[in-house]
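Contents: one structure, followed by commentary.
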Amino acid sequence: MADEIDDLTRQAIAQRVAGSRAPRPYEALEHGADATAPQRWRFPPMSSEHTQRGALIAAIAAVTLLVVGGLAAGSIFGRDRPSDLAADSDGVETTPVPVPDSVRSTTTLFRPVETTLEPIDDEVVVSTEPGVTNPPGDPNLGLYTIEYRCESGSTGSIEVLVPFGRVETPGVVITIPAADDIGAAVNTESPCTGAGPLIEITFDTACGSEIRMVRIAAVDGAVPDVATLDICE
Amino acid sequence: MTSQLDTRWQAKALYEAHAVPLVHFAATVVGSADAEDVVASVAARLLPTNKALQARDPVAYLYRAVLNAARSHLRSAGRRAERERRASLDRSNAHAHQYAPTASGPGPDLSFALDALTTRQRAVVHLVYWEQLTGAETADRLGISEGSVRTHLARAKQTMRELING
């Protein structure tokens, strides 16, 4: 029995050995693992059933991608208007309400930077005049440096951020809201407290392409209301 | 430069001297179809790195490397499923053919019987029955004890006996 098993074992080994391929030459292996890649990456032949199943899976995946992509695109590009969002949120269809021009212009001129600022008229536009620098990021505001002189002789300066612009007529430049804002800012600041009443304020602004100094004398220690100011006279 | 050439020639000599027995060894362990691929992958990976030449016993090192590669090869789930399917088919065919070889022909396909053995048992059986190594030589070649060789051999025979007796 033992001999029979030994013989059968040898026969089994012999059959496997006989069916094996001869080893490839050493030169074919010298390039490392790449040499064996083509033989190791063999795909078994696919049956028609496998092919059909693969095509079906690919088709389902493509349709799913199309549907999901379409829904995603619709949600992205179709919901960017506020009216659409409002209609979706409460189920009530909304109609656009016309906005008056005054409201529109005011919204562009209100700035929460300074408490002294007031809405200015529609005709005020962005200044392009030299001598007045716009603060970064806000072309509608101008930074005025106001010099003041007190009765005791002390002087100083206050920087006031005001809306500015120019009136239609070139040459008569200073705007009334700007002058009012400057006066209000100085009066609020009260720079001469303890140094006697305020005597005057001066600041530079533009007259056309020329920079001129504006001087406003104080009345009773305060900058008076300036109705109009022709700085080019 | 000279040492590189020497290394290359030593590696080439080592491979050419043992490539055929290694393919036969791999054939017993993984089957005829994949044996050459397993040996080629081992040779392509090891010979350029000079590891086999630096080993205490380069031949034993290559045999163990082939055995490890064969294990990895057999571990693949897809290959395993296919192999088991083929083994079950072959087993049913072989029972119909009887086990005893006939004098007139090449005899029934017995290679499937080796599938019933473990990887280590196949390696031991190959070295003992095909390369006719002694127990000690087989132990050195595979890096196991001689007692383990005897154990693997006895269990392999027992499995073959049970297979033959049905």
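Identifiers for the structure tokens are assigned positionally: chains receive A, B, ... in sequence, residues are indexed from 1 per chain, and ligands are indexed from 1 in the order shown.
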
Near A:Val223, within 9 Å and counting only C-alpha atoms, which residues show up once chain neighbours fewer than 6 positions away are dropped, as a short mmCIF file (atom, residue, chain, number, x, y, z; two decimals) with N, CA, C and O atoms, in the first residue's frame?
data_model
loop_
_atom_site.label_atom_id
_atom_site.label_comp_id
_atom_site.auth_asym_id
_atom_site.auth_seq_id
_atom_site.Cartn_x
_atom_site.Cartn_y
_atom_site.Cartn_z
N ILE A 182 -18.01 118.52 7.82
CA ILE A 182 -16.75 118.95 8.43
C ILE A 182 -17.04 119.78 9.69
O ILE A 182 -16.44 119.55 10.74
N GLY A 183 -17.95 120.73 9.56
CA GLY A 183 -18.29 121.54 10.72
C GLY A 183 -18.85 120.71 11.86
O GLY A 183 -18.46 120.89 13.03
N ALA A 184 -19.73 119.82 11.52
CA ALA A 184 -20.33 118.99 12.57
C ALA A 184 -19.29 118.13 13.24
O ALA A 184 -19.31 117.94 14.47
N VAL A 186 -16.06 118.75 13.57
CA VAL A 186 -15.19 119.55 14.44
C VAL A 186 -15.94 119.95 15.70
O VAL A 186 -15.38 119.91 16.81
N ASN A 187 -17.18 120.40 15.56
CA ASN A 187 -17.95 120.80 16.73
C ASN A 187 -18.16 119.62 17.68
O ASN A 187 -18.17 119.79 18.90
N LEU A 198 -12.71 127.96 20.05
CA LEU A 198 -12.16 127.71 18.71
C LEU A 198 -12.16 129.01 17.93
O LEU A 198 -13.13 129.78 17.95
N ILE A 199 -11.07 129.28 17.25
CA ILE A 199 -10.96 130.50 16.46
C ILE A 199 -11.32 130.23 15.00
O ILE A 199 -12.17 130.91 14.41
N GLU A 200 -10.68 129.23 14.43
CA GLU A 200 -10.96 128.96 13.02
C GLU A 200 -10.52 127.53 12.67
O GLU A 200 -9.78 126.89 13.41
N ILE A 201 -11.02 127.08 11.52
CA ILE A 201 -10.55 125.80 10.97
C ILE A 201 -10.10 126.07 9.54
O ILE A 201 -10.61 126.98 8.86
N ILE A 216 -12.48 128.77 7.56
CA ILE A 216 -13.80 129.09 8.10
C ILE A 216 -13.62 129.60 9.52
O ILE A 216 -13.09 128.89 10.38
N ALA A 217 -14.01 130.79 9.74
CA ALA A 217 -13.88 131.39 11.08
C ALA A 217 -14.97 130.87 11.99
O ALA A 217 -16.12 130.67 11.57
#

**Request:** Name all residues at most 12 Å from B:Asn68 (count only C-alpha atoms; drop same-chain ones fewer than 3 positions away) and give them as an NGL selection string.
**Result:** :B and (26 or 29-30 or 38-39 or 41-42 or 61-65 or 71-75 or 119-120 or 123 or 142)

**Request:** Please determine the contact residues of chain B with respect to chain A at a cut-off of 6 Å, counting only C-alpha atoms, and supply them as a PyMOL selection string.
**Result:** chain B and resi 24+27-28+32+36+41+44-45+110-111

Kindly export the residues of the current selection with N, CA and C atoms, as a PDB file, in the first residue's frame.
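Output below, filename result-v1.pdb:
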ATOM      1  N   HIS B  24       9.776  23.174 -11.772  1.00  0.00           N
ATOM      2  CA  HIS B  24       9.150  21.889 -11.417  1.00  0.00           C
ATOM      3  C   HIS B  24       8.610  21.931  -9.993  1.00  0.00           C
ATOM      4  N   ALA B  27       5.583  23.926 -10.014  1.00  0.00           N
ATOM      5  CA  ALA B  27       4.492  23.200 -10.659  1.00  0.00           C
ATOM      6  C   ALA B  27       3.800  22.273  -9.672  1.00  0.00           C
ATOM      7  N   THR B  28       4.580  21.640  -8.836  1.00  0.00           N
ATOM      8  CA  THR B  28       3.970  20.768  -7.831  1.00  0.00           C
ATOM      9  C   THR B  28       3.148  21.579  -6.829  1.00  0.00           C
ATOM     10  N   SER B  32       0.711  23.375 -13.021  1.00  0.00           N
ATOM     11  CA  SER B  32       1.575  23.511 -14.197  1.00  0.00           C
ATOM     12  C   SER B  32       1.448  24.879 -14.850  1.00  0.00           C
ATOM     13  N   GLU B  36       5.757  28.658 -14.104  1.00  0.00           N
ATOM     14  CA  GLU B  36       6.836  29.469 -14.690  1.00  0.00           C
ATOM     15  C   GLU B  36       6.674  30.937 -14.333  1.00  0.00           C
ATOM     16  N   SER B  41       8.635  35.697 -11.626  1.00  0.00           N
ATOM     17  CA  SER B  41       8.416  36.875 -10.781  1.00  0.00           C
ATOM     18  C   SER B  41       9.415  36.922  -9.641  1.00  0.00           C
ATOM     19  N   ALA B  44      12.903  37.801 -11.200  1.00  0.00           N
ATOM     20  CA  ALA B  44      12.984  39.204 -11.620  1.00  0.00           C
ATOM     21  C   ALA B  44      13.083  40.128 -10.419  1.00  0.00           C
ATOM     22  N   ARG B  45      12.495  39.721  -9.316  1.00  0.00           N
ATOM     23  CA  ARG B  45      12.505  40.583  -8.133  1.00  0.00           C
ATOM     24  C   ARG B  45      13.793  40.434  -7.326  1.00  0.00           C
ATOM     25  N   LEU B 110      -3.654  12.466 -12.177  1.00  0.00           N
ATOM     26  CA  LEU B 110      -3.475  12.375 -10.732  1.00  0.00           C
ATOM     27  C   LEU B 110      -3.033  13.688 -10.112  1.00  0.00           C
ATOM     28  N   SER B 111      -2.786  14.665 -10.965  1.00  0.00           N
ATOM     29  CA  SER B 111      -2.221  15.902 -10.420  1.00  0.00           C
ATOM     30  C   SER B 111      -3.189  16.585  -9.468  1.00  0.00           C
TER      31      SER B 111
END

**Asked** What is the distance between atom CA of B:Gln158 and atom CA of B:Leu127, in Å to one decimal?
**Response**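 Atom CA of B:Gln158 sits 17.6 Å away from atom CA of B:Leu127.
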